[in-house]
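Structure record follows, encoded as structure tokens.
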Amino acid sequence: MTNIKKKITYSYVILSSISTILLCVLVFYLFRSNNQYYFLKRLEDRAKIVASIHFQKDPEKIKYYKQLKKNGLEELIQEEDFVLKVNSQNTFEYNTKLNLPNEFYTNVLKNGKESFEINNKYYLGQIFTENDQKYIVIIAAVDRKGHLTTVYILRIMILGIVVFFILSFFLGRLLAKKVIIPVSNIAKEVKRISASNLSRRLQNDGNTGEIADLTSTFNDMLDRLETSFEIQTNFINNASHELKTPITTIIAEAEIMLLKEREKEEYITSLENIHRQSSKLGSLTESLLKLTQTGYDGTKQVQNVVRMDDLLFEVKTDLDTFFPDNKVSIKLDVSAKDSNYLSIPCNKNLLELAINNIISNGVKYSDNKEVFVNLSATKDNIKIIISDIGIGIPSEDIPHLYEPFFRGKEASKYIGYGLGLPLAMKIIRMHNGELQIQSEKNKGTIVTILFKKSNIKNSNVDS
């Protein structure tokens with residue numbers, strides 16, 4: 001955090017100083033330009049009077065203009081005036097006292113007026129005409145007042161920049177501290193949270209904007225971590241228990257058979273028991289592996305485009321093999337015009353497994369009564385509704401349906417491991433689908449699977 005504070009402080013100082021210097025340069029430029037403009041206006045007034053004095057033939061008027069120049073206008077430092085007769089378009093009478101560049105005279109003849117400044121002394125040249133004769137009147141003077149005020153303003157600005165630089169450093173530190181404090185508090189709180197106290201949450205002490213979003217994001221992450229830890233702990237405990245039972249049975253059965261010689265019938269009975277437990281162990285291990293595999297990135301597992309009606313009929317074919325007497329009926333609410341809406345990019349094997357598990361649950365927990373599968377599709381979504389009239393699910397069990405190995409009191413009467421529904425949920429979610437379950441005890445269950453086209457249109461399709 002210290003490095004961030006320094007970066008914020010230095011950034012604030014640098015940006016503030018640059019903007020202040022640029023502002024001072026602009027103000028200084030405008031101030032100096034304003035001084036020059038008004039000083040040159042004063043020189044213009046003197047040029048007009050000098051031209052009037054030069055053109056007058058009446059001694060009284062000459063005396064009047066000289067008196068006006070002396071008493072009516074403010075005295076200038078090192079004031080000089082020159083009148084140069086223009087002989088032709090590009091020639092004039094040159095005065096050796098003037099040491100001005102040729103460009104100055106050229107611009108005066110071309111534009112009628114020009115100014116020049118050297119060592120704070122200003123020269124103003126202007127064309128005047130009398131009786132068709134052109135003259136160049138040049139007025140020169142030092143703008144001491146303008147120079148002094150300009151230097152004074154420059155000193156004030158330099159001092160102001162230094163003071164502001166120091167002030168901005170302390171203001172920058174104050175700003176950095178104010179900005180970093182909420183983040184520092186969040187960092188301190190996060191450091192206090194570990195696997196043993198994942199229930200703790202960050203407090204939003206009146207913060208708004210990005211800080212509040214950061215706090216909310218951390219809390220959401222902690223919610224997911226806490227849930228993951230609980231699920232992981234529950235999964236490990238249940239998995240170890242479920243795996244331990246068949247393994248213990250197999251070991252015990254083998255040890256008993258090895259204690260002494262047995263009759264053929266006893267060996268056969270023992271082997272059948274071992275085979276039954278081994279099959280149970282193999283089936284359980286396979287389910288656990290499938291459940292683990294669905295944790296991968298679903299977009300990378302998408303293989304092809306499948307028609308949902310074809311997939312349902314393949315599931316029905318598999319069910320007919322394992323449950324020959326099943327009463328599963330499939331209904332398609334899709335017209336020929338809308339049949340193109342049935343296609344979906346997916347991992348066919350996994351999605352078939354998920355739907356198979358859900359329909360099989362309907363068959364098993366309804367004691368092989370009717371199970372209705374309804375498929376509908378539009379340009380926006382694909383919906384599968386699976387309903388049965390089985391034992392239903394008690395309301396207190398519904399929040400735990402997706403926990404691996406969870407089995408309600410009613411469901412525990414049937415053979416199973418509590419992995420089918422969690423596996424189906426993960427596969428459907430992997431395909432950006434939604435799984436919804438509505439159930440009432442002793443009245444049956446309705447499972448809705450929804451795939452929105454807007455969620456799956458960017459999937460990685462290998463068609």
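Letters for chains follow the order of the structure tokens (A, B, ...), residue numbers begin at 1 for each chain, and ligand numbers begin at 1 in the order shown.
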
- Message: Quick one: residues within 8 Å of stretch 10-23 of chain A, only C-alpha atoms, excluding same-chain residues fewer than 4 positions away - as a VMD selection string?
- Response: chain A and resid 6 27 161 164 to 165 168 to 169 172

- Task: Can you pull out every residue within 12 Å of stretch 366-370 of chain A, counting only C-alpha atoms, but drop anything in the same chain fewer than 4 positions away, and send it as an MDAnalysis selection string?
- Result: chainID A and resid 319:320 323:330 359:362 386:393 410:411 413:414 441:445

Save out the residues we just selected, N, CA and C atoms, as a PDB file, in the first residue's frame.
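The resulting file, part-v7.pdb, is reproduced below:
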```
ATOM      1  N   LEU A 319     -33.418 -46.374 -22.056  1.00  0.00           N
ATOM      2  CA  LEU A 319     -34.317 -46.710 -20.947  1.00  0.00           C
ATOM      3  C   LEU A 319     -35.056 -48.016 -21.214  1.00  0.00           C
ATOM      4  N   ASP A 320     -35.425 -48.240 -22.477  1.00  0.00           N
ATOM      5  CA  ASP A 320     -36.121 -49.481 -22.827  1.00  0.00           C
ATOM      6  C   ASP A 320     -35.242 -50.700 -22.583  1.00  0.00           C
ATOM      7  N   PHE A 323     -34.955 -50.542 -18.382  1.00  0.00           N
ATOM      8  CA  PHE A 323     -36.289 -50.637 -17.774  1.00  0.00           C
ATOM      9  C   PHE A 323     -37.289 -51.047 -18.859  1.00  0.00           C
ATOM     10  N   PRO A 324     -37.331 -52.339 -19.213  1.00  0.00           N
ATOM     11  CA  PRO A 324     -38.179 -52.788 -20.338  1.00  0.00           C
ATOM     12  C   PRO A 324     -39.654 -52.429 -20.167  1.00  0.00           C
ATOM     13  N   ASP A 325     -40.095 -52.333 -18.919  1.00  0.00           N
ATOM     14  CA  ASP A 325     -41.520 -52.087 -18.677  1.00  0.00           C
ATOM     15  C   ASP A 325     -41.811 -50.606 -18.407  1.00  0.00           C
ATOM     16  N   ASN A 326     -40.875 -49.737 -18.744  1.00  0.00           N
ATOM     17  CA  ASN A 326     -41.083 -48.313 -18.431  1.00  0.00           C
ATOM     18  C   ASN A 326     -42.255 -47.746 -19.220  1.00  0.00           C
ATOM     19  N   LYS A 327     -42.874 -46.722 -18.650  1.00  0.00           N
ATOM     20  CA  LYS A 327     -44.036 -46.080 -19.265  1.00  0.00           C
ATOM     21  C   LYS A 327     -43.723 -44.607 -19.578  1.00  0.00           C
ATOM     22  N   VAL A 328     -42.548 -44.395 -20.183  1.00  0.00           N
ATOM     23  CA  VAL A 328     -42.118 -43.050 -20.554  1.00  0.00           C
ATOM     24  C   VAL A 328     -42.701 -42.703 -21.917  1.00  0.00           C
ATOM     25  N   SER A 329     -43.379 -41.576 -21.998  1.00  0.00           N
ATOM     26  CA  SER A 329     -43.933 -41.117 -23.273  1.00  0.00           C
ATOM     27  C   SER A 329     -43.351 -39.746 -23.615  1.00  0.00           C
ATOM     28  N   ILE A 330     -42.986 -39.573 -24.880  1.00  0.00           N
ATOM     29  CA  ILE A 330     -42.376 -38.324 -25.349  1.00  0.00           C
ATOM     30  C   ILE A 330     -43.344 -37.618 -26.275  1.00  0.00           C
ATOM     31  N   ILE A 359     -34.817 -38.578 -16.212  1.00  0.00           N
ATOM     32  CA  ILE A 359     -35.962 -39.418 -16.588  1.00  0.00           C
ATOM     33  C   ILE A 359     -35.934 -40.728 -15.810  1.00  0.00           C
ATOM     34  N   SER A 360     -34.733 -41.300 -15.608  1.00  0.00           N
ATOM     35  CA  SER A 360     -34.614 -42.546 -14.832  1.00  0.00           C
ATOM     36  C   SER A 360     -35.101 -42.345 -13.403  1.00  0.00           C
ATOM     37  N   ASN A 361     -34.784 -41.183 -12.813  1.00  0.00           N
ATOM     38  CA  ASN A 361     -35.295 -40.883 -11.470  1.00  0.00           C
ATOM     39  C   ASN A 361     -36.817 -40.872 -11.459  1.00  0.00           C
ATOM     40  N   GLY A 362     -37.412 -40.301 -12.535  1.00  0.00           N
ATOM     41  CA  GLY A 362     -38.873 -40.285 -12.616  1.00  0.00           C
ATOM     42  C   GLY A 362     -39.451 -41.687 -12.660  1.00  0.00           C
ATOM     43  N   ILE A 386     -40.236 -32.681 -17.742  1.00  0.00           N
ATOM     44  CA  ILE A 386     -40.325 -34.099 -17.359  1.00  0.00           C
ATOM     45  C   ILE A 386     -41.178 -34.179 -16.092  1.00  0.00           C
ATOM     46  N   SER A 387     -42.318 -34.852 -16.160  1.00  0.00           N
ATOM     47  CA  SER A 387     -43.222 -34.932 -15.011  1.00  0.00           C
ATOM     48  C   SER A 387     -43.566 -36.381 -14.708  1.00  0.00           C
ATOM     49  N   ASP A 388     -43.705 -36.662 -13.411  1.00  0.00           N
ATOM     50  CA  ASP A 388     -44.093 -38.010 -12.976  1.00  0.00           C
ATOM     51  C   ASP A 388     -45.133 -37.898 -11.874  1.00  0.00           C
ATOM     52  N   ILE A 389     -45.707 -39.030 -11.482  1.00  0.00           N
ATOM     53  CA  ILE A 389     -46.696 -39.071 -10.398  1.00  0.00           C
ATOM     54  C   ILE A 389     -46.180 -39.991  -9.299  1.00  0.00           C
ATOM     55  N   GLY A 390     -44.891 -39.773  -8.941  1.00  0.00           N
ATOM     56  CA  GLY A 390     -44.239 -40.635  -7.962  1.00  0.00           C
ATOM     57  C   GLY A 390     -44.359 -40.144  -6.535  1.00  0.00           C
ATOM     58  N   ILE A 391     -43.344 -40.452  -5.732  1.00  0.00           N
ATOM     59  CA  ILE A 391     -43.387 -40.169  -4.291  1.00  0.00           C
ATOM     60  C   ILE A 391     -43.185 -38.683  -3.992  1.00  0.00           C
ATOM     61  N   GLY A 392     -42.700 -37.933  -4.956  1.00  0.00           N
ATOM     62  CA  GLY A 392     -42.472 -36.510  -4.730  1.00  0.00           C
ATOM     63  C   GLY A 392     -41.294 -36.243  -3.811  1.00  0.00           C
ATOM     64  N   ILE A 393     -41.066 -34.978  -3.547  1.00  0.00           N
ATOM     65  CA  ILE A 393     -39.925 -34.564  -2.714  1.00  0.00           C
ATOM     66  C   ILE A 393     -40.445 -33.667  -1.591  1.00  0.00           C
ATOM     67  N   GLU A 410     -37.502 -40.500   2.097  1.00  0.00           N
ATOM     68  CA  GLU A 410     -38.305 -41.315   1.185  1.00  0.00           C
ATOM     69  C   GLU A 410     -37.432 -41.935   0.101  1.00  0.00           C
ATOM     70  N   ALA A 411     -36.463 -41.147  -0.417  1.00  0.00           N
ATOM     71  CA  ALA A 411     -35.612 -41.635  -1.505  1.00  0.00           C
ATOM     72  C   ALA A 411     -34.665 -42.732  -1.048  1.00  0.00           C
ATOM     73  N   LYS A 413     -35.223 -45.298   0.434  1.00  0.00           N
ATOM     74  CA  LYS A 413     -35.819 -46.635   0.302  1.00  0.00           C
ATOM     75  C   LYS A 413     -35.479 -47.259  -1.048  1.00  0.00           C
ATOM     76  N   TYR A 414     -34.984 -46.455  -1.969  1.00  0.00           N
ATOM     77  CA  TYR A 414     -34.654 -46.940  -3.312  1.00  0.00           C
ATOM     78  C   TYR A 414     -33.136 -47.017  -3.461  1.00  0.00           C
ATOM     79  N   LYS A 441     -44.792 -33.715  -1.935  1.00  0.00           N
ATOM     80  CA  LYS A 441     -44.736 -35.073  -1.403  1.00  0.00           C
ATOM     81  C   LYS A 441     -45.997 -35.857  -1.757  1.00  0.00           C
ATOM     82  N   ASN A 442     -45.769 -37.081  -2.273  1.00  0.00           N
ATOM     83  CA  ASN A 442     -46.829 -38.027  -2.647  1.00  0.00           C
ATOM     84  C   ASN A 442     -47.685 -37.569  -3.827  1.00  0.00           C
ATOM     85  N   LYS A 443     -47.269 -36.486  -4.519  1.00  0.00           N
ATOM     86  CA  LYS A 443     -48.038 -36.021  -5.665  1.00  0.00           C
ATOM     87  C   LYS A 443     -47.231 -35.974  -6.964  1.00  0.00           C
ATOM     88  N   GLY A 444     -45.935 -36.154  -6.854  1.00  0.00           N
ATOM     89  CA  GLY A 444     -45.127 -36.193  -8.063  1.00  0.00           C
ATOM     90  C   GLY A 444     -44.167 -35.018  -8.184  1.00  0.00           C
ATOM     91  N   THR A 445     -43.415 -35.039  -9.270  1.00  0.00           N
ATOM     92  CA  THR A 445     -42.360 -34.043  -9.493  1.00  0.00           C
ATOM     93  C   THR A 445     -42.395 -33.552 -10.934  1.00  0.00           C
TER      94      THR A 445
END
```

- Message: Residues near A:Asn99, anyone? I mean within 12 Å using only C-alpha atoms, not counting same-chain ones fewer than 4 positions away, as a PyMOL selection string.
- Response: chain A and resi 94-95+103-105+116-118+123+140

Let me see the file: selected residues, N, CA, C and O atoms, as a compact mmCIF listing (two decimals), in the first residue's frame.
```
# COMPACT_ATOMS: atom_id res chain seq x y z
N TYR A 94 17.79 57.22 -45.28
CA TYR A 94 18.20 56.41 -44.14
C TYR A 94 18.86 57.27 -43.08
O TYR A 94 19.61 58.19 -43.38
N ASN A 95 18.56 56.98 -41.79
CA ASN A 95 19.17 57.68 -40.66
C ASN A 95 20.16 56.74 -39.99
O ASN A 95 19.78 55.64 -39.53
N GLU A 103 14.16 44.01 -42.60
CA GLU A 103 12.78 43.50 -42.63
C GLU A 103 11.80 44.50 -42.03
O GLU A 103 10.64 44.60 -42.44
N PHE A 104 12.28 45.27 -41.03
CA PHE A 104 11.43 46.27 -40.38
C PHE A 104 10.96 47.31 -41.38
O PHE A 104 9.77 47.62 -41.49
N TYR A 105 11.93 47.87 -42.15
CA TYR A 105 11.59 48.90 -43.14
C TYR A 105 10.73 48.32 -44.27
O TYR A 105 9.79 48.97 -44.74
N PHE A 116 8.96 46.75 -33.66
CA PHE A 116 10.15 45.94 -33.43
C PHE A 116 10.62 46.19 -32.00
O PHE A 116 10.56 47.32 -31.50
N GLU A 117 11.10 45.12 -31.35
CA GLU A 117 11.54 45.26 -29.95
C GLU A 117 12.90 44.61 -29.77
O GLU A 117 13.15 43.50 -30.26
N ILE A 118 13.81 45.33 -29.10
CA ILE A 118 15.12 44.80 -28.80
C ILE A 118 15.58 45.38 -27.46
O ILE A 118 15.53 46.60 -27.23
N TYR A 123 10.32 49.97 -31.12
CA TYR A 123 10.37 50.87 -32.27
C TYR A 123 9.06 50.69 -33.04
O TYR A 123 8.67 49.55 -33.37
N ALA A 140 10.67 55.64 -30.94
CA ALA A 140 11.37 54.64 -30.13
C ALA A 140 11.31 55.06 -28.67
O ALA A 140 11.43 56.24 -28.35
```

- Item | Computed interatomic separation between atom CA of A:Leu174 and atom CA of A:Asn204 (Å) | 21.7 Å

- Item | A:Ile398 surroundings by only C-alpha atoms, 10 Å radius, close-in-sequence under 2 positions cut, as a ChimeraX atom specification | /A:393-396,400-402,408,437-440

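Among the candidates A:Leu353, A:Asn34, A:Lys348, A:Ile449, the one nearest to A:Ile384 when counting only C-alpha atoms is A:Ile449.
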
Using DSSP on the backbone coordinates, identify all residues within stretch 65-185 of chain A classified as strand (DSSP E); present the result as a PDB file with C-alpha atoms, in the first residue's frame.
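See states18.pdb below for the written result:
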```
ATOM      1  CA  ILE A  77      11.976  56.686 -21.146  1.00  0.00           C
ATOM      2  CA  GLN A  78      14.640  57.282 -23.826  1.00  0.00           C
ATOM      3  CA  GLU A  79      12.055  58.549 -26.276  1.00  0.00           C
ATOM      4  CA  GLU A  80      13.295  59.262 -29.809  1.00  0.00           C
ATOM      5  CA  ASP A  81      11.497  60.170 -33.021  1.00  0.00           C
ATOM      6  CA  PHE A  82      12.629  60.070 -36.630  1.00  0.00           C
ATOM      7  CA  VAL A  83      11.007  61.198 -39.867  1.00  0.00           C
ATOM      8  CA  LEU A  84      12.343  59.519 -43.027  1.00  0.00           C
ATOM      9  CA  LYS A  85      11.329  60.689 -46.466  1.00  0.00           C
ATOM     10  CA  LYS A 113       2.957  49.994 -40.027  1.00  0.00           C
ATOM     11  CA  GLU A 114       5.417  47.747 -38.193  1.00  0.00           C
ATOM     12  CA  SER A 115       6.879  47.337 -34.704  1.00  0.00           C
ATOM     13  CA  PHE A 116      10.146  45.938 -33.433  1.00  0.00           C
ATOM     14  CA  GLU A 117      11.542  45.264 -29.953  1.00  0.00           C
ATOM     15  CA  ILE A 118      15.121  44.802 -28.796  1.00  0.00           C
ATOM     16  CA  LYS A 121      13.172  49.134 -26.356  1.00  0.00           C
ATOM     17  CA  TYR A 122      10.289  49.341 -28.787  1.00  0.00           C
ATOM     18  CA  TYR A 123      10.367  50.865 -32.273  1.00  0.00           C
ATOM     19  CA  LEU A 124       7.155  51.744 -34.084  1.00  0.00           C
ATOM     20  CA  GLY A 125       7.272  52.694 -37.754  1.00  0.00           C
ATOM     21  CA  GLN A 126       4.241  54.166 -39.569  1.00  0.00           C
ATOM     22  CA  ILE A 127       3.636  55.669 -43.039  1.00  0.00           C
ATOM     23  CA  PHE A 128       2.163  59.176 -43.281  1.00  0.00           C
ATOM     24  CA  THR A 129       1.365  61.075 -46.502  1.00  0.00           C
ATOM     25  CA  GLU A 130       1.429  64.858 -47.003  1.00  0.00           C
ATOM     26  CA  GLN A 133       4.724  62.701 -50.350  1.00  0.00           C
ATOM     27  CA  LYS A 134       5.173  59.684 -48.095  1.00  0.00           C
ATOM     28  CA  TYR A 135       7.132  59.762 -44.873  1.00  0.00           C
ATOM     29  CA  ILE A 136       8.137  57.052 -42.425  1.00  0.00           C
ATOM     30  CA  VAL A 137       7.710  58.228 -38.846  1.00  0.00           C
ATOM     31  CA  ILE A 138       9.604  56.106 -36.339  1.00  0.00           C
ATOM     32  CA  ILE A 139       9.054  56.424 -32.579  1.00  0.00           C
ATOM     33  CA  ALA A 140      11.367  54.639 -30.129  1.00  0.00           C
ATOM     34  CA  ALA A 141      11.092  54.344 -26.326  1.00  0.00           C
ATOM     35  CA  VAL A 142      11.805  51.993 -23.438  1.00  0.00           C
TER      36      VAL A 142
END
```

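One distance worth recording is that between atom CA of A:Ser270 and atom CA of A:Ala254, which is 7.8 Å.
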
- Where in stretch 10-250 of chain A does DSSP assign alpha helix (DSSP H), given as a PyMOL selection string? chain A and resi 10-55+59-67+102-111+144-192+210-250

So that I have them on file, write out the residues from the current selection with C-alpha atoms, as a compact mmCIF listing (two decimals), in the first residue's frame.
```txt
# COMPACT_ATOMS: atom_id res chain seq x y z
CA TYR A 10 3.73 11.81 -7.01
CA SER A 11 1.13 11.59 -9.79
CA TYR A 12 -0.97 14.28 -8.11
CA VAL A 13 2.09 16.54 -7.61
CA ILE A 14 3.29 16.09 -11.20
CA LEU A 15 -0.12 16.62 -12.80
CA SER A 16 -0.93 19.59 -10.55
CA SER A 17 2.47 21.18 -11.17
CA ILE A 18 2.25 20.74 -14.94
CA SER A 19 -1.24 22.22 -15.08
CA THR A 20 -0.19 25.13 -12.81
CA ILE A 21 2.93 25.86 -14.88
CA LEU A 22 0.93 25.79 -18.11
CA LEU A 23 -1.63 28.16 -16.59
CA CYS A 24 1.14 30.52 -15.41
CA VAL A 25 2.79 30.48 -18.83
CA LEU A 26 -0.54 31.33 -20.46
CA VAL A 27 -1.26 34.14 -17.98
CA PHE A 28 2.30 35.52 -18.36
CA TYR A 29 2.03 35.46 -22.16
CA LEU A 30 -1.34 37.25 -22.13
CA PHE A 31 -0.15 39.81 -19.57
CA ARG A 32 3.02 40.62 -21.54
CA SER A 33 1.07 40.79 -24.82
CA ASN A 34 -1.40 43.18 -23.22
CA ASN A 35 1.45 45.43 -21.99
CA GLN A 36 3.03 45.44 -25.44
CA TYR A 37 -0.30 46.23 -27.12
CA TYR A 38 -1.04 49.30 -24.97
CA PHE A 39 2.55 50.57 -25.12
CA LEU A 40 2.51 50.40 -28.91
CA LYS A 41 -0.79 52.30 -28.88
CA ARG A 42 0.97 55.06 -26.95
CA LEU A 43 3.76 55.08 -29.54
CA GLU A 44 1.13 55.37 -32.29
CA ASP A 45 -0.29 58.51 -30.62
CA ARG A 46 3.20 60.03 -30.52
CA ALA A 47 3.79 59.12 -34.17
CA LYS A 48 0.68 61.06 -35.19
CA ILE A 49 1.81 64.14 -33.22
CA VAL A 50 5.36 63.95 -34.62
CA ALA A 51 3.90 63.74 -38.15
CA SER A 52 1.69 66.76 -37.44
CA ILE A 53 4.67 68.79 -36.18
CA HIS A 54 6.69 67.83 -39.25
CA PHE A 55 3.95 68.71 -41.70
CA PRO A 59 5.25 78.21 -36.23
CA GLU A 60 2.34 78.67 -33.82
CA LYS A 61 0.84 75.27 -34.67
CA ILE A 62 4.26 73.64 -34.42
CA LYS A 63 4.64 75.16 -30.97
CA TYR A 64 1.15 73.90 -30.05
CA TYR A 65 1.85 70.29 -31.06
CA LYS A 66 5.18 70.29 -29.27
CA GLN A 67 3.48 71.61 -26.13
CA ASN A 102 15.92 45.62 -43.19
CA GLU A 103 12.78 43.50 -42.63
CA PHE A 104 11.43 46.27 -40.38
CA TYR A 105 11.59 48.90 -43.14
CA THR A 106 10.30 46.44 -45.76
CA ASN A 107 7.23 45.64 -43.66
CA VAL A 108 6.58 49.35 -42.95
CA LEU A 109 6.61 50.14 -46.67
CA LYS A 110 4.49 47.10 -47.46
CA ASN A 111 1.94 47.18 -44.62
CA ARG A 144 10.29 50.46 -18.23
CA LYS A 145 6.94 50.25 -16.47
CA GLY A 146 5.80 47.31 -18.55
CA HIS A 147 9.14 45.60 -18.03
CA LEU A 148 9.03 46.09 -14.26
CA THR A 149 5.44 44.84 -13.96
CA THR A 150 6.27 41.85 -16.16
CA VAL A 151 9.28 40.95 -13.99
CA TYR A 152 7.15 41.44 -10.87
CA ILE A 153 4.42 39.14 -12.18
CA LEU A 154 7.05 36.59 -13.23
CA ARG A 155 8.55 36.53 -9.72
CA ILE A 156 5.11 36.15 -8.15
CA MET A 157 4.33 33.23 -10.48
CA ILE A 158 7.65 31.47 -9.76
CA LEU A 159 7.08 31.87 -6.03
CA GLY A 160 3.49 30.69 -6.43
CA ILE A 161 4.63 27.61 -8.37
CA VAL A 162 7.14 26.70 -5.65
CA VAL A 163 4.55 27.21 -2.89
CA PHE A 164 1.92 25.27 -4.82
CA PHE A 165 4.42 22.48 -5.49
CA ILE A 166 5.04 22.08 -1.75
CA LEU A 167 1.33 22.41 -0.99
CA SER A 168 0.39 19.87 -3.67
CA PHE A 169 2.80 17.37 -2.11
CA PHE A 170 0.96 17.49 1.21
CA LEU A 171 -2.42 17.59 -0.50
CA GLY A 172 -1.34 14.60 -2.61
CA ARG A 173 -0.40 12.65 0.50
CA LEU A 174 -3.72 13.54 2.09
CA LEU A 175 -5.58 12.48 -1.06
CA ALA A 176 -3.60 9.24 -1.29
CA LYS A 177 -4.33 8.46 2.34
CA LYS A 178 -8.03 9.14 1.86
CA VAL A 179 -8.16 6.96 -1.25
CA ILE A 180 -6.09 4.10 0.16
CA ILE A 181 -7.69 3.90 3.63
CA PRO A 182 -10.81 2.00 2.43
CA VAL A 183 -8.64 -0.36 0.36
CA SER A 184 -6.25 -0.84 3.31
CA ASN A 185 -9.18 -1.66 5.56
CA ILE A 186 -10.43 -4.21 3.03
CA ALA A 187 -6.94 -5.77 2.81
CA LYS A 188 -6.70 -6.02 6.62
CA GLU A 189 -10.12 -7.65 6.86
CA VAL A 190 -9.32 -10.10 4.06
CA LYS A 191 -6.07 -11.13 5.81
CA ARG A 192 -8.08 -12.04 8.92
CA GLU A 210 -15.86 1.34 -6.84
CA ILE A 211 -14.99 0.67 -3.16
CA ALA A 212 -18.52 -0.59 -2.49
CA ASP A 213 -18.30 -2.74 -5.65
CA LEU A 214 -14.96 -4.14 -4.46
CA THR A 215 -16.42 -4.97 -1.04
CA SER A 216 -19.45 -6.59 -2.64
CA THR A 217 -17.22 -8.59 -5.01
CA PHE A 218 -15.10 -9.88 -2.12
CA ASN A 219 -18.21 -10.85 -0.17
CA ASP A 220 -19.65 -12.66 -3.18
CA MET A 221 -16.35 -14.50 -3.60
CA LEU A 222 -16.39 -15.44 0.11
CA ASP A 223 -19.95 -16.74 -0.30
CA ARG A 224 -18.82 -18.98 -3.14
CA LEU A 225 -15.73 -20.12 -1.24
CA GLU A 226 -17.75 -20.93 1.87
CA THR A 227 -20.26 -22.88 -0.19
CA SER A 228 -17.46 -24.70 -2.02
CA PHE A 229 -15.74 -25.62 1.26
CA GLU A 230 -19.00 -26.90 2.72
CA ILE A 231 -19.78 -28.90 -0.41
CA GLN A 232 -16.23 -30.24 -0.52
CA THR A 233 -16.32 -31.26 3.14
CA ASN A 234 -19.73 -32.86 2.71
CA PHE A 235 -18.60 -34.56 -0.49
CA ILE A 236 -15.45 -36.02 1.08
CA ASN A 237 -17.30 -37.24 4.17
CA ASN A 238 -20.06 -38.89 2.16
CA ALA A 239 -17.75 -40.25 -0.52
CA SER A 240 -15.46 -41.86 2.05
CA HIS A 241 -18.49 -43.40 3.75
CA GLU A 242 -20.06 -44.66 0.52
CA LEU A 243 -16.76 -46.11 -0.74
CA LYS A 244 -15.82 -47.60 2.61
CA THR A 245 -18.94 -49.79 2.87
CA PRO A 246 -18.44 -51.99 -0.25
CA ILE A 247 -14.66 -52.12 0.25
CA THR A 248 -15.10 -53.30 3.88
CA THR A 249 -17.68 -55.88 2.78
CA ILE A 250 -15.38 -57.25 0.07
```

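Non-sequential neighbours of A:Ile355 (distance at most 8 Å, separation of 2 or more positions within a chain, only C-alpha atoms) are Leu312, Val315, Leu351, Glu352, Leu353, Asn357, Ile358, Ile359 and Ala424 of chain A.
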
Just write the chosen residues, N, CA and C atoms, as a compact mmCIF listing (two decimals), in the first residue's frame.
```txt
# COMPACT_ATOMS: atom_id res chain seq x y z
N LEU A 312 -33.56 -37.16 -27.25
CA LEU A 312 -34.57 -37.72 -26.34
C LEU A 312 -34.96 -39.14 -26.76
N VAL A 315 -32.31 -41.47 -25.63
CA VAL A 315 -32.47 -41.73 -24.20
C VAL A 315 -33.57 -42.76 -23.97
N LEU A 351 -24.76 -34.54 -22.16
CA LEU A 351 -26.13 -34.06 -22.08
C LEU A 351 -27.12 -35.23 -22.09
N GLU A 352 -26.80 -36.25 -22.86
CA GLU A 352 -27.65 -37.45 -22.87
C GLU A 352 -27.65 -38.12 -21.50
N LEU A 353 -26.47 -38.15 -20.86
CA LEU A 353 -26.36 -38.73 -19.51
C LEU A 353 -27.22 -37.95 -18.52
N ASN A 357 -30.44 -39.44 -16.54
CA ASN A 357 -30.52 -39.53 -15.08
C ASN A 357 -31.84 -38.97 -14.56
N ILE A 358 -32.29 -37.83 -15.14
CA ILE A 358 -33.51 -37.20 -14.66
C ILE A 358 -34.73 -38.07 -14.98
N ILE A 359 -34.82 -38.58 -16.21
CA ILE A 359 -35.96 -39.42 -16.59
C ILE A 359 -35.93 -40.73 -15.81
N ALA A 424 -26.46 -34.21 -13.19
CA ALA A 424 -27.30 -33.63 -14.24
C ALA A 424 -27.29 -32.11 -14.18
```

- Query: Which residue out of A:Lys260, A:Lys364, A:Asp309, A:Gln56 has the minimum interatomic distance to A:Ile415 when only C-alpha atoms are used?
  - Reply: A:Lys364

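Of the residues under consideration (A:Tyr365, A:Phe405, A:Phe451, A:Tyr267), A:Phe451 shows the shortest atom-to-atom contact distance to A:Ile385 when counting only C-alpha atoms.
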
- Query: Please, what distance in Å, to one decimal, runs between atom CA of A:Lys453 and atom CA of A:Ala377?
  - Reply: 10.2 Å
